[in-house]
Amino acid sequence: MTQLPRPLPRLTGALRAFCSISGNDCDVDYEDLAFKRNLEAKRKANKGLTWKKLHKIIREESKVDRDQVDLALKELFQCAKDIVGSAEVESELLEDGAALLFDTFKECHIVGQKQSVKLRRQFGPFPASSATKACSLVNRLISWLPESVLEDLNTTSTGSGSNPEEFGKNIVFHSVFDNDGDSQITLSDDSSEDEDEAFDLKYTALEKSIEEEKLDASWLKTQVEMYNAGLGLGLSVMDMCSTLFDILASSRTDSELQNELFDLLGFERFELIQSLLENRKSLISATFDKAANIAMSRASVKSKDLNQKPNYGCQVTIQSQEEKQFRKQMRREEKKMMKVESKSNADMEHDEVYMEALGFDPQRLREQREEALIRTASAPLFSSKRGCDVKREKYPYVYDALEEAKQSSAFVGGTKMLLPEGFTRENNKMYEEVTIPASESAPAIIGKKCIPISSLDEIGQLAFKGMKQLNLIQSIVFDTAYKTNENLLISAPTGAGKTNIAMLTVLHELKQHLSQGVIKRDEFKIVYVAPMKALAAEMVRNFGKRLEPLGIQVRELTGDMQLTKTEIMNTQMLVTTPEKWDVVTRKSTGDVALAQIVKLLIIDEVHLLHEDRGSVIECLVARTLRQVESSQTMIRIVGLSATLPNYLDVARFLNVNPYMGLFYFDGRFRPVPLGQTFIGVKAISKMKQFEDINLVCYEKVFEQVKHGEQVMVFVHARNETVRTARILAEHSRNNGESKFFHSESTPRYGEAEKQIMRSRNKPLKELFPDGFGTHHAGMLRQDRNLVERYFSEGLIKVLVCTATLAWGVNLPAHAVIIKGTQLYDAKKGSFVDLGILDVLQIFGRAGRPQFDKTGHGTIISNHDKLSHYLGLITRQNPIESQFVASLTDNLNAEISLGTVTNLEESVKWLSYTYLHVRMRFNPLVYGVTYTQLEEDPELMEHRKDLIIIAARKLDRAKMIRYEERTGYFHATDLGRISSHYYIKYYTVEVINEHLKSLMTEADILAMVSKAQEFDQIKVRDEELDELDQHHLDTCPMVAAGGTENTYGKVNILLQTYISRGNVDAFSLVSDQAYIAQNSARIMRALFEVVLKKGWPIMAGRLLLLSKTIDKRLWAFENPLRQFPILSAEILDKIENKKTDC
């Protein structure tokens, strides 16, 4: 059979292969594709009337003065804020809301039923006054516009999608060849105008040829070689050229590329970046031309080689049928191999063509590639220090199904972790929903039975009075907790009974001090560290009631509950917060005796290590472990947690023996198995997203309530609680389903209704009859207690709350719903995703052990976050240390305490922290390279560098004296005072900057208001009017910064607190309490600072201000005002008569 000669390659084929006209041979960047599709969807969504378009049209086309127009537009935008909601919402949502208001009211003069229904369906209940004002503003704006503009606006808002665009309309064709003879560049005659133009980083590619030097494909190589000496990026000229060409050849605009080029090359390479952007089109065109020429020449050479084949004579071969089949199979396999090899060779040849076009020798490139392959082949697969992933050791009390799955052959072989068996997926136009059924029950522990309470000794039976037996988890931990002194780390699901495990360790400690039937109460102290004050109060009630028969006193020691030294000495168990216990243990006199007789330290919710407050827990544990080593006394540490992905790291940090004291129980041990639902809303526009999330949330709430269950809905802002509750109640009334949310009319309900009606909280009184309630930190403690009590009694069906409830009070419900996953981070100034630990903690509230067989957790997010949260459930991120952020404060505390005196001791001190544990296992997160870790496994040098940086900062702030030559630290008065009063480093910097020997009271208050302690205070729009009123009526001094700045708000609230002014907004009540508590501490610290400086006038003023805050009494007021028994009328009369007491 004659073989046909192989045809020459076609021009179009060469263009497809080498000019990126066809993308068949390219790797698809799916992330970039998804991003572009998202942009296109947003573009389509913005085709209608947007706020920016509206703003521009009205400002340009209106007949009246522009200032008047701006004022009206600003008022309309404010109305949109009032109607959309005053919580922290994204600006896009507010803009969409303002545009919708204009579209709604442009053809009506009053707010009718049709308009009200439309707005209520979109935003839920809204203030009628704001809608009326918006309607009048829209009518005023329309009256200022010409008829033609109004017609265009009507067309834009209603007919945005009526005229489909012609396919290919926006495709722009560029000539590949330069027409030097046909086109001429004309320059402006007036060159001075160009010189006077404002500087701008936006470059436009000027269509001019470079006369000084010929711009061809090798021009890029020449430019890079010229600037390469100073780049310092560790890239060769070839790599740099390749990277730059890929960037320049992308489809992005010059203004989009300039940021990426500045990040890559740095601002000092300004001229190079300018040159690249100006000559971008010419460079790409020249390179593509040269690449095409090279490709064509290579293809012609190949075709000649293919045509020069030897001629064979006629041959006859006799084959059996089996041999034919065998040869056919061989040819098929050879074709497959050749196809794979040819694709690989084609990719390699494609790169070589472009690098040759850029001026590099292809033969040299091939040699370099072969050398790199040889080096890689001869190198060991894993480095000697780190080693390969060894099989994780099995510990006796770790029950982790996910870890067991990871050790299976399927996981090791690279199979992806799929969702649990039995999951369902629903996909509709509005949202996608994935439901994971409740997990299977806990595995049967061989030979392990629940321990009856009757088998315990007398002390144990008294403490567990009313219980018949310990549950499974408590029974597994019993021997280690009740019969040994081992440090413990218990990670078990919420509701598994970790409090009872803590009680077992407490009882073991009591038995240690039992002599002839009498507990020696003066020999020991037990400290229980709770994450929040609300939880501390609950623990005091719990432990106090159960330990009362044993004569053990349990007291709360927090910022709200101060104890005298006598009360502390008469107390055997202290329940405190991490910050308060840190203050107690960092004092060098007085309280040291208390810290030295602590025999048991229980840390609840130890997974708070990943939060900003986690550094305090690290400091406490490090201080305790060093105390154990230095004094050779026994202090038992017990860590409790509900969510702990990397439990082995935390066990190392707490000095826990993993074979004896590490207990990990996964979700199978939940007392109530948990089903999970993940919902991703598909809407692109913020307004539609907002509406759909509320609708889906109501559907899921009603689905549970109609079956008689209670639901907790978690949102991420205080004001959003009331707003969401009102929207849900409105949906229930509109759908005629409100009867399902009402409680039965019983005498208990009548009493509860009377209690609620006595509250000052208006939204609470409004929502309670509909079966809804709200709960957040801005509410008064008594209102929160009412809500918690009535929800637990079933009188409130749906409780809308913030995430603080999940971390604090133990208040479970059958179902929990997380509405939205975007929350505002004040430090970053932007919206961030809800962390997986918060999600799991909230899900932990689902299911009531007394009533439910299963619980259910639902998370409602944007569609693009759906896979993110699904993945995190099966692949949790480890808890990382936050210690570096507060290293300066903690180092100062240790230096002031005297436990660290030089560089060597401070490096040793860091080895006791969780930071040290995580730096060795995940070095890149902490700025440590793997090379550094291999050369220095204990990271001595990195720890030393961290300490030196922190010590230099403290030295500059005059908090310590650091001798660089000897490495010794010396505490100063300022450092000791800041440690004693828990003043942060950045606040000390503010004090150093503003504190003078003579300052007025107004200056002192302004300085205190700028302290770092108040950075978390946020200015909310709905509070501005009330703050302005207090500034005018209640504040005797002008507050620097006004109401729109954080430090101005702090100043106003502090003066209002001293003046005993009544604050209405509940968020302001909470902020004011926090400000008063912290400012009193800072003022006392300032008094001691100026006392040490020897400034008598300032010392007197600061002492007076300290007493002013403490007694809430200004110096010019009558002292009798501090007695609440006297009425305001009597006090006013006394002050008017100027009676001196």
# chains A, B, ... in the order shown; residues from 1 in each chain; ligands from 1
>>> residues_around(residues="Val575 of chain A", least_positions_apart="5", cutoff="12 Å", atoms="only C-alpha atoms", output="PyMOL selection string")
chain A and resi 525-544+553-559+561-563+568+580-581+600-604
>>> write_last_selection(atoms="C-alpha atoms", output="compact mmCIF listing (two decimals), in the first residue's frame")
# COMPACT_ATOMS: atom_id res chain seq x y z
CA LYS A 525 -6.29 27.21 95.34
CA ILE A 526 -8.11 25.99 92.22
CA VAL A 527 -8.40 28.37 89.27
CA TYR A 528 -10.99 27.88 86.51
CA VAL A 529 -10.31 30.15 83.51
CA ALA A 530 -13.52 30.77 81.54
CA PRO A 531 -13.48 32.59 78.18
CA MET A 532 -16.25 35.09 79.01
CA LYS A 533 -17.69 36.82 82.06
CA ALA A 534 -21.15 35.42 81.39
CA LEU A 535 -19.78 31.88 81.37
CA ALA A 536 -17.76 32.60 84.53
CA ALA A 537 -20.96 33.56 86.37
CA GLU A 538 -22.64 30.34 85.18
CA MET A 539 -19.67 28.22 86.33
CA VAL A 540 -19.72 29.86 89.78
CA ARG A 541 -23.37 28.90 90.18
CA ASN A 542 -22.74 25.35 88.94
CA PHE A 543 -19.60 24.56 90.97
CA GLY A 544 -20.70 26.58 94.01
CA GLN A 553 -16.15 28.44 98.56
CA VAL A 554 -16.39 29.27 94.83
CA ARG A 555 -16.20 32.94 93.78
CA GLU A 556 -16.00 34.93 90.56
CA LEU A 557 -12.90 37.09 90.00
CA THR A 558 -13.45 39.21 86.86
CA GLY A 559 -13.52 42.86 85.86
CA MET A 561 -16.55 41.18 90.37
CA GLN A 562 -13.61 42.47 92.42
CA LEU A 563 -12.62 40.56 95.58
CA ILE A 568 -9.65 35.68 98.09
CA LYS A 580 -7.90 38.94 84.92
CA TRP A 581 -5.71 35.99 85.91
CA LEU A 600 -4.98 23.10 89.70
CA LEU A 601 -5.42 25.32 86.62
CA ILE A 602 -8.44 24.52 84.40
CA ILE A 603 -8.59 26.33 81.05
CA ASP A 604 -11.97 26.13 79.35
>>> select_by_dssp(residues="segment 788-1031 of chain A", states="strand (DSSP E)", output="JSON, numbers by chain")
{"A": [798, 799, 800, 801, 802, 815, 816, 817, 818, 819, 822, 823, 824, 825, 830, 831, 832, 833, 855, 856, 857, 858, 859, 860, 861, 862, 960, 961, 962, 969, 970, 971]}
>>> residues_around(residues="Val816 of chain A", least_positions_apart="2", cutoff="12 Å", atoms="only C-alpha atoms", output="number ranges by chain")
A: 674-677, 697, 700-701, 704-705, 709-715, 797-803, 805-806, 811-814, 818-819, 839-848, 855-860
>>> residues_around(residues="Asp833 of chain A", least_positions_apart="6", cutoff="8 Å", atoms="only C-alpha atoms", output="PyMOL selection string")
chain A and resi 821-823
>>> write_last_selection(atoms="N, CA, C and O atoms", output="PDB file, in the first residue's frame")
ATOM      1  N   THR A 821     -22.241  34.678  55.907  1.00  0.00           N
ATOM      2  CA  THR A 821     -20.908  34.321  56.425  1.00  0.00           C
ATOM      3  C   THR A 821     -19.923  35.484  56.332  1.00  0.00           C
ATOM      4  O   THR A 821     -18.742  35.306  56.575  1.00  0.00           O
ATOM      5  N   GLN A 822     -20.410  36.673  55.957  1.00  0.00           N
ATOM      6  CA  GLN A 822     -19.536  37.846  55.873  1.00  0.00           C
ATOM      7  C   GLN A 822     -19.723  38.688  57.125  1.00  0.00           C
ATOM      8  O   GLN A 822     -20.832  39.125  57.419  1.00  0.00           O
ATOM      9  N   LEU A 823     -18.643  38.912  57.873  1.00  0.00           N
ATOM     10  CA  LEU A 823     -18.728  39.776  59.033  1.00  0.00           C
ATOM     11  C   LEU A 823     -17.658  40.853  58.952  1.00  0.00           C
ATOM     12  O   LEU A 823     -16.610  40.653  58.332  1.00  0.00           O
TER      13      LEU A 823
END
>>> residues_around(residues="Asn902 of chain A", least_positions_apart="5", cutoff="12 Å", atoms="only C-alpha atoms", output="ChimeraX atom specification")
/A:891-892,894-895,907-909,944,947-948,951,960-971
>>> write_last_selection(atoms="N, CA and C atoms", output="PDB file, in the first residue's frame")
ATOM      1  N   LEU A 891       6.430  40.312  76.888  1.00  0.00           N
ATOM      2  CA  LEU A 891       7.840  40.381  77.277  1.00  0.00           C
ATOM      3  C   LEU A 891       8.045  41.430  78.368  1.00  0.00           C
ATOM      4  N   ASN A 892       7.383  42.564  78.238  1.00  0.00           N
ATOM      5  CA  ASN A 892       7.482  43.611  79.268  1.00  0.00           C
ATOM      6  C   ASN A 892       6.966  43.100  80.613  1.00  0.00           C
ATOM      7  N   GLU A 894       6.957  39.980  81.721  1.00  0.00           N
ATOM      8  CA  GLU A 894       7.927  39.039  82.306  1.00  0.00           C
ATOM      9  C   GLU A 894       9.156  39.773  82.838  1.00  0.00           C
ATOM     10  N   ILE A 895       9.610  40.810  82.128  1.00  0.00           N
ATOM     11  CA  ILE A 895      10.770  41.583  82.608  1.00  0.00           C
ATOM     12  C   ILE A 895      10.414  42.318  83.900  1.00  0.00           C
ATOM     13  N   VAL A 907      14.635  33.929  75.317  1.00  0.00           N
ATOM     14  CA  VAL A 907      14.556  32.914  74.256  1.00  0.00           C
ATOM     15  C   VAL A 907      14.058  31.593  74.853  1.00  0.00           C
ATOM     16  N   LYS A 908      14.522  31.261  76.035  1.00  0.00           N
ATOM     17  CA  LYS A 908      14.064  30.045  76.739  1.00  0.00           C
ATOM     18  C   LYS A 908      12.580  30.159  77.085  1.00  0.00           C
ATOM     19  N   TRP A 909      12.168  31.370  77.511  1.00  0.00           N
ATOM     20  CA  TRP A 909      10.753  31.606  77.854  1.00  0.00           C
ATOM     21  C   TRP A 909       9.849  31.372  76.643  1.00  0.00           C
ATOM     22  N   LYS A 944      15.406  34.352  68.866  1.00  0.00           N
ATOM     23  CA  LYS A 944      16.271  35.452  69.308  1.00  0.00           C
ATOM     24  C   LYS A 944      15.944  36.731  68.537  1.00  0.00           C
ATOM     25  N   ILE A 947      12.725  38.289  69.843  1.00  0.00           N
ATOM     26  CA  ILE A 947      12.928  38.954  71.138  1.00  0.00           C
ATOM     27  C   ILE A 947      13.662  40.287  70.950  1.00  0.00           C
ATOM     28  N   ILE A 948      14.673  40.294  70.101  1.00  0.00           N
ATOM     29  CA  ILE A 948      15.458  41.531  69.888  1.00  0.00           C
ATOM     30  C   ILE A 948      14.565  42.630  69.313  1.00  0.00           C
ATOM     31  N   ALA A 951      12.324  43.806  72.115  1.00  0.00           N
ATOM     32  CA  ALA A 951      13.092  44.539  73.131  1.00  0.00           C
ATOM     33  C   ALA A 951      13.449  45.939  72.638  1.00  0.00           C
ATOM     34  N   ILE A 960      11.567  49.513  78.996  1.00  0.00           N
ATOM     35  CA  ILE A 960      12.701  48.771  79.560  1.00  0.00           C
ATOM     36  C   ILE A 960      13.973  49.456  79.081  1.00  0.00           C
ATOM     37  N   ARG A 961      15.097  49.033  79.636  1.00  0.00           N
ATOM     38  CA  ARG A 961      16.401  49.438  79.116  1.00  0.00           C
ATOM     39  C   ARG A 961      17.096  48.173  78.625  1.00  0.00           C
ATOM     40  N   TYR A 962      17.436  48.174  77.339  1.00  0.00           N
ATOM     41  CA  TYR A 962      18.016  46.989  76.703  1.00  0.00           C
ATOM     42  C   TYR A 962      19.457  47.298  76.306  1.00  0.00           C
ATOM     43  N   GLU A 963      20.385  46.547  76.876  1.00  0.00           N
ATOM     44  CA  GLU A 963      21.798  46.703  76.541  1.00  0.00           C
ATOM     45  C   GLU A 963      22.137  45.736  75.412  1.00  0.00           C
ATOM     46  N   GLU A 964      22.322  46.268  74.224  1.00  0.00           N
ATOM     47  CA  GLU A 964      22.586  45.440  73.047  1.00  0.00           C
ATOM     48  C   GLU A 964      23.866  44.620  73.205  1.00  0.00           C
ATOM     49  N   ARG A 965      24.865  45.208  73.838  1.00  0.00           N
ATOM     50  CA  ARG A 965      26.180  44.547  73.932  1.00  0.00           C
ATOM     51  C   ARG A 965      26.109  43.310  74.835  1.00  0.00           C
ATOM     52  N   THR A 966      25.488  43.441  75.988  1.00  0.00           N
ATOM     53  CA  THR A 966      25.453  42.325  76.959  1.00  0.00           C
ATOM     54  C   THR A 966      24.188  41.487  76.838  1.00  0.00           C
ATOM     55  N   GLY A 967      23.113  42.068  76.248  1.00  0.00           N
ATOM     56  CA  GLY A 967      21.855  41.334  76.125  1.00  0.00           C
ATOM     57  C   GLY A 967      21.001  41.372  77.375  1.00  0.00           C
ATOM     58  N   TYR A 968      21.304  42.270  78.333  1.00  0.00           N
ATOM     59  CA  TYR A 968      20.542  42.332  79.589  1.00  0.00           C
ATOM     60  C   TYR A 968      19.371  43.303  79.465  1.00  0.00           C
ATOM     61  N   PHE A 969      18.281  42.967  80.194  1.00  0.00           N
ATOM     62  CA  PHE A 969      17.095  43.808  80.249  1.00  0.00           C
ATOM     63  C   PHE A 969      16.966  44.401  81.647  1.00  0.00           C
ATOM     64  N   HIS A 970      16.531  45.657  81.725  1.00  0.00           N
ATOM     65  CA  HIS A 970      16.283  46.310  83.008  1.00  0.00           C
ATOM     66  C   HIS A 970      14.911  46.974  82.941  1.00  0.00           C
ATOM     67  N   ALA A 971      14.061  46.665  83.892  1.00  0.00           N
ATOM     68  CA  ALA A 971      12.720  47.243  83.912  1.00  0.00           C
ATOM     69  C   ALA A 971      12.784  48.705  84.337  1.00  0.00           C
TER      70      ALA A 971
END
>>> residues_around(residues="segment 547-552 of chain A", least_positions_apart="5", cutoff="12 Å", atoms="only C-alpha atoms", output="number ranges by chain")
A: 458-465, 503-504, 506-507, 510-511, 514, 517-522, 524-526, 539-542, 570-574
>>> write_last_selection(atoms="N, CA, C and O atoms", output="compact mmCIF listing (two decimals), in the first residue's frame")
# COMPACT_ATOMS: atom_id res chain seq x y z
N GLU A 458 -17.02 8.93 99.15
CA GLU A 458 -18.01 9.83 99.75
C GLU A 458 -17.97 11.23 99.12
O GLU A 458 -19.01 11.83 98.84
N ILE A 459 -16.77 11.75 98.88
CA ILE A 459 -16.63 13.10 98.30
C ILE A 459 -17.25 13.13 96.90
O ILE A 459 -17.97 14.05 96.54
N GLY A 460 -16.97 12.10 96.12
CA GLY A 460 -17.50 12.02 94.76
C GLY A 460 -19.02 11.93 94.75
O GLY A 460 -19.68 12.57 93.92
N GLN A 461 -19.58 11.17 95.65
CA GLN A 461 -21.04 11.01 95.70
C GLN A 461 -21.72 12.31 96.10
O GLN A 461 -22.80 12.64 95.59
N LEU A 462 -21.08 13.10 96.99
CA LEU A 462 -21.66 14.38 97.38
C LEU A 462 -21.66 15.37 96.20
O LEU A 462 -22.64 16.09 95.99
N ALA A 463 -20.58 15.40 95.47
CA ALA A 463 -20.46 16.35 94.36
C ALA A 463 -21.36 15.98 93.19
O ALA A 463 -21.82 16.86 92.45
N PHE A 464 -21.61 14.66 92.99
CA PHE A 464 -22.45 14.21 91.87
C PHE A 464 -23.83 13.76 92.35
O PHE A 464 -24.45 12.90 91.73
N LYS A 465 -24.29 14.38 93.42
CA LYS A 465 -25.60 14.04 93.98
C LYS A 465 -26.70 14.32 92.95
O LYS A 465 -26.71 15.37 92.31
N MET A 503 -14.95 18.73 87.13
CA MET A 503 -15.30 18.44 88.52
C MET A 503 -14.53 17.24 89.06
O MET A 503 -14.11 17.23 90.22
N LEU A 504 -14.30 16.23 88.23
CA LEU A 504 -13.51 15.07 88.68
C LEU A 504 -12.09 15.49 89.07
O LEU A 504 -11.55 15.02 90.07
N VAL A 506 -11.20 18.49 90.08
CA VAL A 506 -11.33 19.30 91.30
C VAL A 506 -11.42 18.38 92.52
O VAL A 506 -10.76 18.60 93.55
N LEU A 507 -12.25 17.35 92.42
CA LEU A 507 -12.42 16.41 93.55
C LEU A 507 -11.11 15.69 93.85
O LEU A 507 -10.78 15.44 95.02
N LEU A 510 -9.05 17.99 95.88
CA LEU A 510 -9.54 18.09 97.26
C LEU A 510 -9.08 16.89 98.08
O LEU A 510 -8.71 17.02 99.26
N LYS A 511 -9.08 15.72 97.46
CA LYS A 511 -8.65 14.51 98.19
C LYS A 511 -7.17 14.56 98.57
O LYS A 511 -6.76 13.94 99.54
N LEU A 514 -6.94 16.17 101.99
CA LEU A 514 -7.87 15.62 102.97
C LEU A 514 -7.08 14.95 104.09
O LEU A 514 -6.25 14.06 103.83
N GLY A 517 -10.46 13.21 107.47
CA GLY A 517 -11.83 13.59 107.13
C GLY A 517 -12.06 15.08 107.02
O GLY A 517 -13.19 15.52 106.85
N VAL A 518 -10.99 15.87 107.13
CA VAL A 518 -11.12 17.34 107.05
C VAL A 518 -10.28 17.85 105.88
O VAL A 518 -9.12 17.47 105.73
N ILE A 519 -10.89 18.71 105.05
CA ILE A 519 -10.16 19.31 103.92
C ILE A 519 -9.42 20.55 104.42
O ILE A 519 -10.03 21.47 104.97
N LYS A 520 -8.10 20.57 104.23
CA LYS A 520 -7.29 21.73 104.65
C LYS A 520 -7.40 22.81 103.56
O LYS A 520 -6.68 22.80 102.57
N ARG A 521 -8.29 23.75 103.81
CA ARG A 521 -8.65 24.73 102.77
C ARG A 521 -7.57 25.76 102.52
O ARG A 521 -7.59 26.42 101.48
N ASP A 522 -6.64 25.97 103.44
CA ASP A 522 -5.63 27.02 103.27
C ASP A 522 -4.42 26.56 102.46
O ASP A 522 -3.54 27.37 102.16
N PHE A 524 -4.37 25.19 99.36
CA PHE A 524 -4.48 25.11 97.90
C PHE A 524 -5.47 26.15 97.38
O PHE A 524 -6.28 26.70 98.11
N LYS A 525 -5.31 26.41 96.09
CA LYS A 525 -6.29 27.21 95.34
C LYS A 525 -6.51 26.52 94.00
O LYS A 525 -5.58 25.97 93.40
N ILE A 526 -7.75 26.53 93.54
CA ILE A 526 -8.11 25.99 92.22
C ILE A 526 -8.59 27.15 91.37
O ILE A 526 -9.42 27.94 91.81
N MET A 539 -20.52 29.23 85.68
CA MET A 539 -19.67 28.22 86.33
C MET A 539 -19.65 28.37 87.84
O MET A 539 -19.60 27.38 88.59
N VAL A 540 -19.68 29.62 88.32
CA VAL A 540 -19.72 29.86 89.78
C VAL A 540 -20.98 29.26 90.37
O VAL A 540 -20.94 28.60 91.43
N ARG A 541 -22.12 29.48 89.69
CA ARG A 541 -23.37 28.90 90.18
C ARG A 541 -23.32 27.37 90.18
O ARG A 541 -23.74 26.71 91.13
N ASN A 542 -22.79 26.81 89.10
CA ASN A 542 -22.74 25.35 88.94
C ASN A 542 -21.82 24.72 90.00
O ASN A 542 -22.25 23.85 90.76
N ASN A 570 -10.23 33.39 101.69
CA ASN A 570 -11.28 32.48 102.18
C ASN A 570 -11.93 31.67 101.07
O ASN A 570 -12.85 30.90 101.33
N THR A 571 -11.47 31.88 99.83
CA THR A 571 -12.04 31.18 98.68
C THR A 571 -11.08 30.08 98.22
O THR A 571 -9.88 30.31 98.11
N GLN A 572 -11.63 28.89 97.96
CA GLN A 572 -10.78 27.77 97.53
C GLN A 572 -10.77 27.63 96.00
O GLN A 572 -9.82 27.14 95.43
N MET A 573 -11.85 28.07 95.35
CA MET A 573 -11.92 27.94 93.89
C MET A 573 -12.29 29.29 93.29
O MET A 573 -13.34 29.86 93.62
N LEU A 574 -11.44 29.81 92.41
CA LEU A 574 -11.67 31.08 91.75
C LEU A 574 -12.04 30.83 90.28
O LEU A 574 -11.33 30.09 89.59
>>> residues_around(residues="Gly927 of chain A", least_positions_apart="2", cutoff="12 Å", atoms="only C-alpha atoms", output="PyMOL selection string")
chain A and resi 884+918-920+922-925+929-933+939+942-943+945-946
>>> decode(residues="segment 958-976 of chain A", atoms="C-alpha atoms", output="compact mmCIF listing (two decimals), in the first residue's frame")
# COMPACT_ATOMS: atom_id res chain seq x y z
CA LYS A 958 11.19 53.70 77.59
CA MET A 959 9.41 50.67 79.09
CA ILE A 960 12.70 48.77 79.56
CA ARG A 961 16.40 49.44 79.12
CA TYR A 962 18.02 46.99 76.70
CA GLU A 963 21.80 46.70 76.54
CA GLU A 964 22.59 45.44 73.05
CA ARG A 965 26.18 44.55 73.93
CA THR A 966 25.45 42.33 76.96
CA GLY A 967 21.86 41.33 76.12
CA TYR A 968 20.54 42.33 79.59
CA PHE A 969 17.09 43.81 80.25
CA HIS A 970 16.28 46.31 83.01
CA ALA A 971 12.72 47.24 83.91
CA THR A 972 11.79 50.93 84.14
CA ASP A 973 9.05 52.64 86.16
CA LEU A 974 6.98 53.13 83.00
CA GLY A 975 7.30 49.45 82.08
CA ARG A 976 6.37 48.29 85.60
